[in-house]
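Novice: Got a file for you: coords.cif, mmCIF, C-alpha atoms.
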data_entry
#
loop_
_atom_site.label_atom_id
_atom_site.label_comp_id
_atom_site.auth_asym_id
_atom_site.auth_seq_id
_atom_site.Cartn_x
_atom_site.Cartn_y
_atom_site.Cartn_z
CA MET A 1 20.43 -0.61 120.64
CA THR A 2 21.18 -3.81 122.58
CA SER A 3 21.99 -6.92 120.60
CA GLY A 4 18.82 -8.66 121.80
CA LYS A 5 16.71 -5.77 120.58
CA PHE A 6 18.68 -5.67 117.34
CA GLY A 7 18.02 -9.38 116.80
CA LEU A 8 14.31 -8.74 117.26
CA VAL A 9 14.37 -5.89 114.73
CA VAL A 10 16.19 -7.99 112.15
CA LEU A 11 13.86 -10.97 112.58
CA GLY A 12 10.80 -8.73 112.33
CA MET A 13 12.15 -6.96 109.27
CA GLY A 14 12.94 -10.30 107.68
CA MET A 15 9.43 -11.58 108.26
CA VAL A 16 7.56 -8.56 106.93
CA THR A 17 9.85 -8.49 103.88
CA TYR A 18 9.60 -12.18 103.12
CA ILE A 19 5.80 -12.50 103.33
CA PRO A 20 4.94 -10.07 100.46
CA ARG A 21 7.63 -11.76 98.36
CA TRP A 22 6.33 -15.25 98.96
CA LEU A 23 2.54 -14.98 99.29
CA PRO A 24 1.51 -14.13 95.69
CA LEU A 25 4.16 -16.41 94.19
CA PHE A 26 2.90 -19.33 96.23
CA PHE A 27 -0.85 -18.82 95.83
CA LEU A 28 -1.14 -17.36 92.34
CA SER A 29 1.18 -19.88 90.70
CA ARG A 30 -1.10 -22.73 91.84
CA ARG A 31 -4.39 -21.59 90.29
CA SER A 32 -5.58 -20.45 86.90
CA LEU A 33 -5.96 -16.69 86.80
CA PRO A 34 -8.74 -14.75 85.04
CA GLN A 35 -7.73 -13.25 81.71
CA TRP A 36 -7.96 -9.64 82.93
CA LEU A 37 -5.55 -10.36 85.81
CA VAL A 38 -3.04 -11.97 83.46
CA GLU A 39 -3.20 -8.93 81.20
CA TRP A 40 -2.95 -6.57 84.18
CA LEU A 41 0.09 -8.42 85.50
CA ASP A 42 1.58 -8.29 82.01
CA LEU A 43 1.59 -4.47 82.26
CA ILE A 44 2.99 -4.40 85.82
CA PRO A 45 6.71 -4.63 84.87
CA ALA A 46 6.54 -1.62 82.54
CA ALA A 47 4.55 0.27 85.19
CA ILE A 48 7.02 -0.58 87.99
CA LEU A 49 10.10 0.25 85.93
CA GLY A 50 8.60 3.61 84.96
CA ALA A 51 7.64 4.31 88.56
CA LEU A 52 11.07 3.37 89.91
CA LEU A 53 13.04 5.22 87.26
CA LEU A 54 11.48 8.61 86.61
CA PRO A 55 11.51 9.91 90.22
CA GLU A 56 15.13 8.72 90.45
CA LEU A 57 15.99 10.80 87.37
CA ILE A 58 14.13 14.05 87.91
CA THR A 59 13.49 14.49 91.63
CA SER A 60 15.87 15.02 94.54
CA GLY A 61 16.04 16.13 98.13
CA GLN A 62 14.03 15.55 101.26
CA PRO A 63 11.18 16.53 100.91
CA ARG A 64 11.39 15.75 97.22
CA HIS A 65 11.23 18.39 94.54
CA ILE A 66 11.57 18.36 90.76
CA ASP A 67 15.15 18.87 89.61
CA TRP A 68 15.85 18.62 85.89
CA MET A 69 19.54 19.38 86.15
CA ARG A 70 20.56 16.21 87.93
CA PRO A 71 23.55 14.32 86.51
CA GLU A 72 21.32 11.22 86.70
CA CYS A 73 18.87 12.89 84.33
CA ILE A 74 21.47 14.24 81.89
CA ALA A 75 23.27 10.90 81.69
CA ALA A 76 19.94 9.16 81.13
CA ILE A 77 19.54 10.61 77.62
CA PRO A 78 22.63 8.96 76.06
CA THR A 79 21.89 5.85 78.13
CA PHE A 80 18.38 5.57 76.67
CA ILE A 81 19.77 6.08 73.14
CA THR A 82 22.39 3.38 73.71
CA ALA A 83 19.74 0.98 74.99
CA ILE A 84 17.52 1.59 71.94
CA LEU A 85 20.36 1.34 69.41
CA THR A 86 22.39 -1.56 70.82
CA ARG A 87 19.62 -3.45 72.66
CA SER A 88 22.44 -4.74 74.83
CA LEU A 89 22.36 -4.61 78.62
CA GLY A 90 26.15 -4.72 78.88
CA TRP A 91 26.80 -1.80 76.55
CA THR A 92 24.02 0.26 78.13
CA VAL A 93 25.33 -0.24 81.66
CA ILE A 94 28.93 0.55 80.67
CA THR A 95 27.94 3.61 78.60
CA GLY A 96 25.70 4.87 81.38
CA MET A 97 28.43 4.51 84.00
CA VAL A 98 31.13 6.20 81.88
CA ILE A 99 28.89 9.12 80.87
CA TYR A 100 27.58 9.56 84.40
CA GLY A 101 31.14 9.60 85.71
CA MET A 102 32.11 12.26 83.15
CA VAL A 103 28.99 14.38 83.78
CA LYS A 104 29.63 14.29 87.53
CA LYS A 105 33.28 15.20 87.09
CA TRP A 106 32.96 18.03 84.61
CA MET A 107 29.55 19.54 85.10
CA PHE A 108 28.90 19.34 88.84
CA MET B 1 29.72 -45.26 88.14
CA VAL B 2 28.23 -42.15 86.59
CA ASN B 3 24.64 -42.54 85.56
CA PRO B 4 24.32 -40.92 82.12
CA SER B 5 20.94 -39.35 82.81
CA SER B 6 22.20 -37.68 86.00
CA SER B 7 25.24 -36.30 84.16
CA ILE B 8 22.92 -34.77 81.54
CA LEU B 9 20.95 -33.21 84.37
CA ASN B 10 24.15 -31.81 85.86
CA ASP B 11 25.23 -30.35 82.54
CA GLY B 12 21.86 -28.67 82.27
CA LEU B 13 22.16 -27.33 85.79
CA ILE B 14 25.70 -26.06 85.20
CA LYS B 15 24.54 -24.34 82.01
CA ALA B 16 21.61 -22.78 83.88
CA ILE B 17 23.93 -21.48 86.60
CA GLN B 18 26.28 -20.01 83.97
CA GLN B 19 23.39 -18.28 82.22
CA GLY B 20 22.10 -16.97 85.53
CA LEU B 21 25.50 -15.60 86.51
CA TRP B 22 25.89 -13.92 83.12
CA ALA B 23 22.51 -12.25 83.56
CA ALA B 24 23.35 -11.15 87.11
CA TRP B 25 26.56 -9.20 86.49
CA PRO B 26 25.02 -5.72 86.09
CA ILE B 27 23.13 -6.25 89.36
CA CYS B 28 26.31 -7.35 91.12
CA ILE B 29 28.31 -4.34 89.88
CA GLY B 30 25.50 -2.07 91.00
CA TYR B 31 25.18 -3.66 94.43
CA ILE B 32 28.85 -3.33 95.40
CA PRO B 33 28.98 0.48 95.91
CA ILE B 34 25.53 0.55 97.53
CA GLY B 35 26.43 -2.32 99.85
CA LEU B 36 29.73 -0.68 100.82
CA ALA B 37 27.92 2.58 101.54
CA LEU B 38 25.35 0.79 103.68
CA GLY B 39 28.09 -1.04 105.61
CA LEU B 40 29.88 2.22 106.28
CA LEU B 41 26.67 3.90 107.43
CA ALA B 42 25.83 0.95 109.68
CA GLN B 43 29.26 1.12 111.26
CA LYS B 44 28.72 4.81 111.99
CA ALA B 45 25.35 3.91 113.54
CA GLY B 46 27.15 1.57 115.92
CA LEU B 47 26.42 -1.78 114.23
CA SER B 48 29.19 -4.35 113.85
CA PRO B 49 29.96 -5.83 110.41
CA LEU B 50 28.50 -9.11 111.68
CA GLU B 51 25.24 -7.40 112.61
CA ILE B 52 24.86 -5.65 109.26
CA GLY B 53 25.71 -8.95 107.55
CA LEU B 54 22.95 -10.67 109.52
CA MET B 55 20.52 -7.95 108.50
CA SER B 56 21.48 -8.44 104.84
CA VAL B 57 20.91 -12.19 105.17
CA PHE B 58 17.52 -11.88 106.85
CA VAL B 59 16.15 -8.86 105.00
CA PHE B 60 17.99 -8.53 101.65
CA ALA B 61 16.25 -5.33 100.59
CA GLY B 62 18.52 -2.35 100.03
CA SER B 63 16.36 0.70 100.54
CA SER B 64 14.62 -0.61 103.65
CA GLN B 65 18.00 -1.51 105.15
CA PHE B 66 19.21 2.06 104.64
CA ILE B 67 16.07 3.36 106.31
CA ALA B 68 16.39 0.85 109.17
CA VAL B 69 20.01 1.84 109.83
CA SER B 70 19.12 5.52 109.99
CA MET B 71 16.16 4.75 112.24
CA ILE B 72 18.38 2.65 114.52
CA SER B 73 20.88 5.48 114.84
CA ALA B 74 18.00 7.86 115.60
CA GLY B 75 16.89 5.54 118.41
CA SER B 76 13.52 4.55 116.89
CA ALA B 77 11.39 1.82 118.47
CA PRO B 78 11.74 -1.72 116.98
CA LEU B 79 8.07 -1.83 116.02
CA ALA B 80 8.33 1.46 114.10
CA ILE B 81 11.33 0.12 112.17
CA ILE B 82 9.53 -3.13 111.34
CA MET B 83 6.35 -1.35 110.22
CA THR B 84 8.33 1.03 108.02
CA THR B 85 10.16 -1.91 106.45
CA PHE B 86 6.83 -3.57 105.72
CA VAL B 87 5.48 -0.51 103.88
CA VAL B 88 8.72 0.11 101.99
CA ASN B 89 8.80 -3.48 100.75
CA LEU B 90 5.12 -3.84 99.86
CA ARG B 91 6.02 -3.33 96.19
CA HIS B 92 7.39 -6.89 96.18
CA LEU B 93 3.76 -8.05 96.30
CA LEU B 94 3.35 -6.83 92.74
CA MET B 95 6.62 -8.31 91.54
CA SER B 96 5.86 -11.64 93.15
CA SER B 97 2.39 -11.66 91.54
CA SER B 98 3.88 -10.89 88.14
CA LEU B 99 6.51 -13.64 88.48
CA SER B 100 3.86 -16.17 89.52
CA LEU B 101 2.74 -16.33 85.88
CA TYR B 102 5.99 -18.10 85.02
CA CYS B 103 6.41 -20.39 88.03
CA ARG B 104 3.55 -22.80 87.41
CA ASN B 105 5.67 -25.95 87.48
CA ALA B 106 7.96 -25.09 90.36
CA GLY B 107 7.83 -27.01 93.63
CA LYS B 108 6.95 -25.41 96.96
CA THR B 109 10.50 -25.50 98.33
CA MET B 110 11.90 -23.98 95.14
CA LEU B 111 9.29 -21.21 95.31
CA ALA B 112 10.12 -20.56 98.96
CA PHE B 113 13.79 -20.07 98.06
CA PHE B 114 13.02 -18.07 94.95
CA ALA B 115 10.69 -15.70 96.85
CA TYR B 116 13.53 -14.78 99.24
CA GLY B 117 15.57 -13.21 96.43
CA ILE B 118 12.92 -11.08 94.74
CA THR B 119 14.25 -7.53 94.54
CA ASP B 120 13.59 -4.66 92.13
CA GLU B 121 16.70 -5.65 90.23
CA SER B 122 16.33 -9.44 90.11
CA PHE B 123 12.66 -9.00 89.24
CA ALA B 124 13.46 -6.79 86.25
CA VAL B 125 16.12 -9.19 84.95
CA ASN B 126 14.21 -12.43 85.56
CA GLN B 127 10.74 -11.33 84.46
CA LEU B 128 12.02 -10.25 81.06
CA ARG B 129 13.77 -13.54 80.39
CA PHE B 130 10.84 -15.58 81.70
CA LYS B 131 8.60 -13.70 79.31
CA GLU B 132 10.92 -14.34 76.38
CA GLY B 133 10.74 -18.04 77.26
CA LYS B 134 14.49 -18.31 77.85
CA TRP B 135 14.32 -18.87 81.58
CA THR B 136 13.53 -21.57 84.10
CA ILE B 137 13.46 -21.17 87.85
CA SER B 138 17.04 -22.51 88.08
CA GLN B 139 18.47 -19.59 86.12
CA ALA B 140 16.26 -17.16 88.03
CA LEU B 141 17.35 -18.59 91.37
CA THR B 142 20.99 -18.22 90.30
CA VAL B 143 20.40 -14.54 89.52
CA ASN B 144 18.80 -14.06 92.93
CA GLN B 145 21.45 -15.92 94.89
CA ALA B 146 24.41 -14.34 93.09
CA SER B 147 23.10 -10.86 93.76
CA ASN B 148 22.24 -11.87 97.32
CA LEU B 149 25.79 -13.09 97.96
CA VAL B 150 27.36 -9.95 96.49
CA TRP B 151 24.99 -7.83 98.57
CA ILE B 152 25.78 -9.61 101.86
CA LEU B 153 29.55 -9.50 101.27
CA SER B 154 29.53 -5.83 100.19
CA THR B 155 27.56 -4.69 103.23
CA ILE B 156 29.96 -6.59 105.53
CA ALA B 157 32.99 -5.24 103.67
CA GLY B 158 31.57 -1.71 103.93
CA GLY B 159 31.93 -1.90 107.72
CA TYR B 160 35.64 -2.67 107.39
CA VAL B 161 36.85 -0.79 104.32
CA GLY B 162 34.00 1.60 103.42
CA ARG B 163 35.83 4.69 104.59
CA PHE B 164 38.85 4.03 102.37
CA ILE B 165 36.85 3.93 99.14
CA PRO B 166 35.90 7.11 97.27
CA PRO B 167 32.08 7.06 97.16
CA HIS B 168 31.52 7.81 93.47
CA ALA B 169 34.44 6.04 91.78
CA PHE B 170 34.03 5.25 88.05
CA GLY B 171 30.34 6.14 87.95
CA VAL B 172 29.45 2.75 89.47
CA ASP B 173 26.56 4.31 91.33
CA TYR B 174 24.85 4.66 87.97
CA ALA B 175 25.02 0.93 87.13
CA LEU B 176 21.55 0.09 88.46
CA ILE B 177 19.85 3.13 86.90
CA ALA B 178 21.42 2.29 83.52
CA MET B 179 20.29 -1.31 83.94
CA PHE B 180 16.72 -0.22 84.67
CA ILE B 181 16.77 2.09 81.63
CA CYS B 182 17.79 -0.79 79.37
CA LEU B 183 15.31 -3.25 80.89
CA LEU B 184 12.57 -0.66 80.48
CA ILE B 185 13.42 -0.35 76.77
CA PHE B 186 13.25 -4.16 76.50
CA GLN B 187 9.80 -4.09 78.13
CA ILE B 188 8.40 -1.71 75.50
CA LYS B 189 7.00 -4.22 73.02
CA GLY B 190 4.17 -2.04 71.80
CA PRO B 191 2.50 1.32 72.35
CA ILE B 192 0.47 0.08 75.32
CA TYR B 193 3.65 -0.80 77.26
CA ALA B 194 5.16 2.60 76.51
CA THR B 195 1.96 4.34 77.60
CA THR B 196 1.85 2.32 80.82
CA ALA B 197 5.49 3.11 81.62
CA VAL B 198 4.96 6.83 81.01
CA ILE B 199 1.83 6.89 83.17
CA GLY B 200 3.71 4.96 85.89
CA GLY B 201 6.67 7.34 85.74
CA CYS B 202 4.64 10.55 85.74
CA SER B 203 2.25 9.50 88.50
CA ALA B 204 5.22 8.27 90.56
CA VAL B 205 6.89 11.66 90.25
CA VAL B 206 3.74 13.51 91.31
CA LEU B 207 3.01 11.10 94.18
CA SER B 208 6.63 11.15 95.38
CA LEU B 209 6.33 14.91 95.83
CA ILE B 210 3.19 14.48 97.96
CA ILE B 211 3.67 11.31 100.03
CA PRO B 212 6.77 10.82 102.16
CA GLY B 213 8.55 7.47 101.92
CA ASN B 214 8.46 5.24 98.87
CA LEU B 215 4.91 3.91 98.93
CA TYR B 216 4.45 5.96 95.74
CA VAL B 217 6.03 3.11 93.75
CA VAL B 218 3.21 0.71 94.62
CA ILE B 219 0.40 3.23 94.09
CA ALA B 220 1.79 4.53 90.81
CA SER B 221 2.39 1.01 89.43
CA VAL B 222 -1.11 -0.19 90.29
CA LEU B 223 -2.61 2.98 88.83
CA ALA B 224 -0.58 2.76 85.61
CA ALA B 225 -1.26 -0.94 85.01
CA THR B 226 -4.99 -0.39 85.65
CA ILE B 227 -5.23 2.56 83.26
CA GLY B 228 -3.11 0.65 80.74
CA LEU B 229 -5.45 -2.33 80.94
CA ARG B 230 -8.52 -0.11 80.41
CA ILE B 231 -6.93 1.46 77.34
CA ARG B 232 -6.01 -1.96 75.99
CA VAL B 233 -9.51 -3.39 76.54
CA ARG B 234 -11.19 -0.34 75.05
CA ALA B 235 -8.96 -0.45 71.95
CA ARG B 236 -9.72 -4.15 71.55
CA ASN B 237 -13.48 -3.58 71.84
CA LYS B 238 -13.33 -0.84 69.22
CA LEU B 239 -11.46 -3.18 66.90
CA LYS B 240 -14.04 -5.92 67.45
CA LEU B 241 -16.85 -3.49 66.66
CA LYS B 242 -15.11 -2.42 63.48
CA ILE B 243 -14.68 -6.02 62.35
CA GLU B 244 -18.38 -6.77 63.04
CA ARG B 245 -19.41 -3.75 61.00
CA LEU B 246 -17.18 -4.82 58.12
CA LYS B 247 -18.67 -8.31 58.27
CA LEU B 248 -22.19 -6.88 58.15
CA LYS B 249 -21.26 -4.70 55.20
CA ALA B 250 -19.75 -7.63 53.35
CA ARG B 251 -22.93 -9.65 53.89
CA SER B 252 -25.30 -6.91 52.68
#
Would you mind writing the file's structure down as structure tokens?
Specialist:
Amino acid sequence: MTSGKFGLVVLGMGMVTYIPRWLPLFFLSRRSLPQWLVEWLDLIPAAILGALLLPELITSGQPRHIDWMRPECIAAIPTFITAILTRSLGWTVITGMVIYGMVKKWMF
Amino acid sequence: MVNPSSSILNDGLIKAIQQGLWAAWPICIGYIPIGLALGLLAQKAGLSPLEIGLMSVFVFAGSSQFIAVSMISAGSAPLAIIMTTFVVNLRHLLMSSSLSLYCRNAGKTMLAFFAYGITDESFAVNQLRFKEGKWTISQALTVNQASNLVWILSTIAGGYVGRFIPPHAFGVDYALIAMFICLLIFQIKGPIYATTAVIGGCSAVVLSLIIPGNLYVVIASVLAATIGLRIRVRARNKLKLKIERLKLKARS
């Protein structure tokens, strides 16, 4: 890829990434939203986090398939418990990393 | 010389930046190994560290950058790469909409800067704190910019030193997953949130098996929030009906 073409790709990528990030923030923050939309948006974070996490934990490969025995999935159990018990982001991240490191080293 | 009111403002700003940095550390730890890996991959695809750094500045979206690098090394057409990036990053529409609830007093320029740094990770961290009422756009912008800076530097560094670093050292590649797990637990403030998250997770798994790419995140999230809202509204209507009946009974 020539550097001119590369510059074009980067600019294009930047534009199509920035617009979805900016558009709702700019327009929705300036008007009053109907109650149902506020309640819908209130559920979006839980929905997104679930949708980002679960495939990461129990699927792998290309094309994807279900895989319960992933180190990501095994390490998730103690990580979830730590998050519920400590309610601390720091402890959860550290516990998750240590356990994942151990699972990877000894089980796979 | 120093105007007392401006020094108070500065103290507030410094405090906001400190709080933002403190909130950003799990993101930063998580970004380093991913950024290094991307830099290394980009170098193998024939991009210079400067070029990958430029891409990180202009795009700042991890998964689409990985896809772009592999498409570049496969010789894909620019338009195909740009269209793919667009689809992969459509999920930011939802995050930006959700964050708009908390940015009612922010100026246009501030919003333009803040929008640039919306990622899965910064969204999860900022939205939670906004909702708890602990956050203003200054803290949120600090979170975004700190993670942005770490991301840019790690992708550049990956081009120089990526091949000397063992890829899975210390379990760092689990930092972001662990962070998402904890932030998900924080989100669960009642049964309806748990139900929504489970619906989102399960439908995402099913959809990810069927549709190639990562559009499944957007579809599953919209589906889950919509079903969640229906359940919530229905439960509320039932409760209202019950209360009316009780009132009638009490009257008669």
Novice: Which distance in Å separates CA of Trp91 (chain A) and CA of Ala46 (chain A), to one decimal?
Specialist: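 Separation of CA of Trp91 (chain A) and CA of Ala46 (chain A): 21.1 Å.
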Novice: Between CA of Val218 (chain B) and CA of Arg91 (chain B), what is the distance, to one decimal in Å?
Specialist: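 About the pair CA of Val218 (chain B) and CA of Arg91 (chain B): they are 5.2 Å apart.
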Novice: Find the residues of chain A in contact range of chain B, meaning any atom within 7 Å when counting only C-alpha atoms, and list them as a ChimeraX atom specification.
Specialist: /A:9-14,16-18,20-22,24-26,28-30,39-41,43-44,46-55,64-65,79-80,83-84,89,92-93,96-98,100-101
Novice: Once the PyMOL selection byres ((chain B and resi 155) around 10) has been applied to the shown file, what residues remain in the selection, as number ranges by chain?
Specialist: B: 31-42, 49-50, 52-56, 62, 150-154, 156-160, 162
Novice: Expressed in Å to a single decimal, how great is the separation between CA of Ile81 (chain A) and CA of Glu132 (chain B)?
Specialist: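 Atom-to-atom, CA of Ile81 (chain A) to CA of Glu132 (chain B), that is 22.5 Å.
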Novice: Looking at only C-alpha atoms, which of B:Arg245, B:Ser122, B:Trp135, B:Ile165 is the one that sits closest to Ser147 (chain B)?
Specialist: B:Ser122
Novice: Given the PyMOL selection byres ((chain B and resi 139) around 10) and the file above, list the residues it selects as a PyMOL selection string.
Specialist: chain B and resi 13-24+126+129-130+134-138+140-145
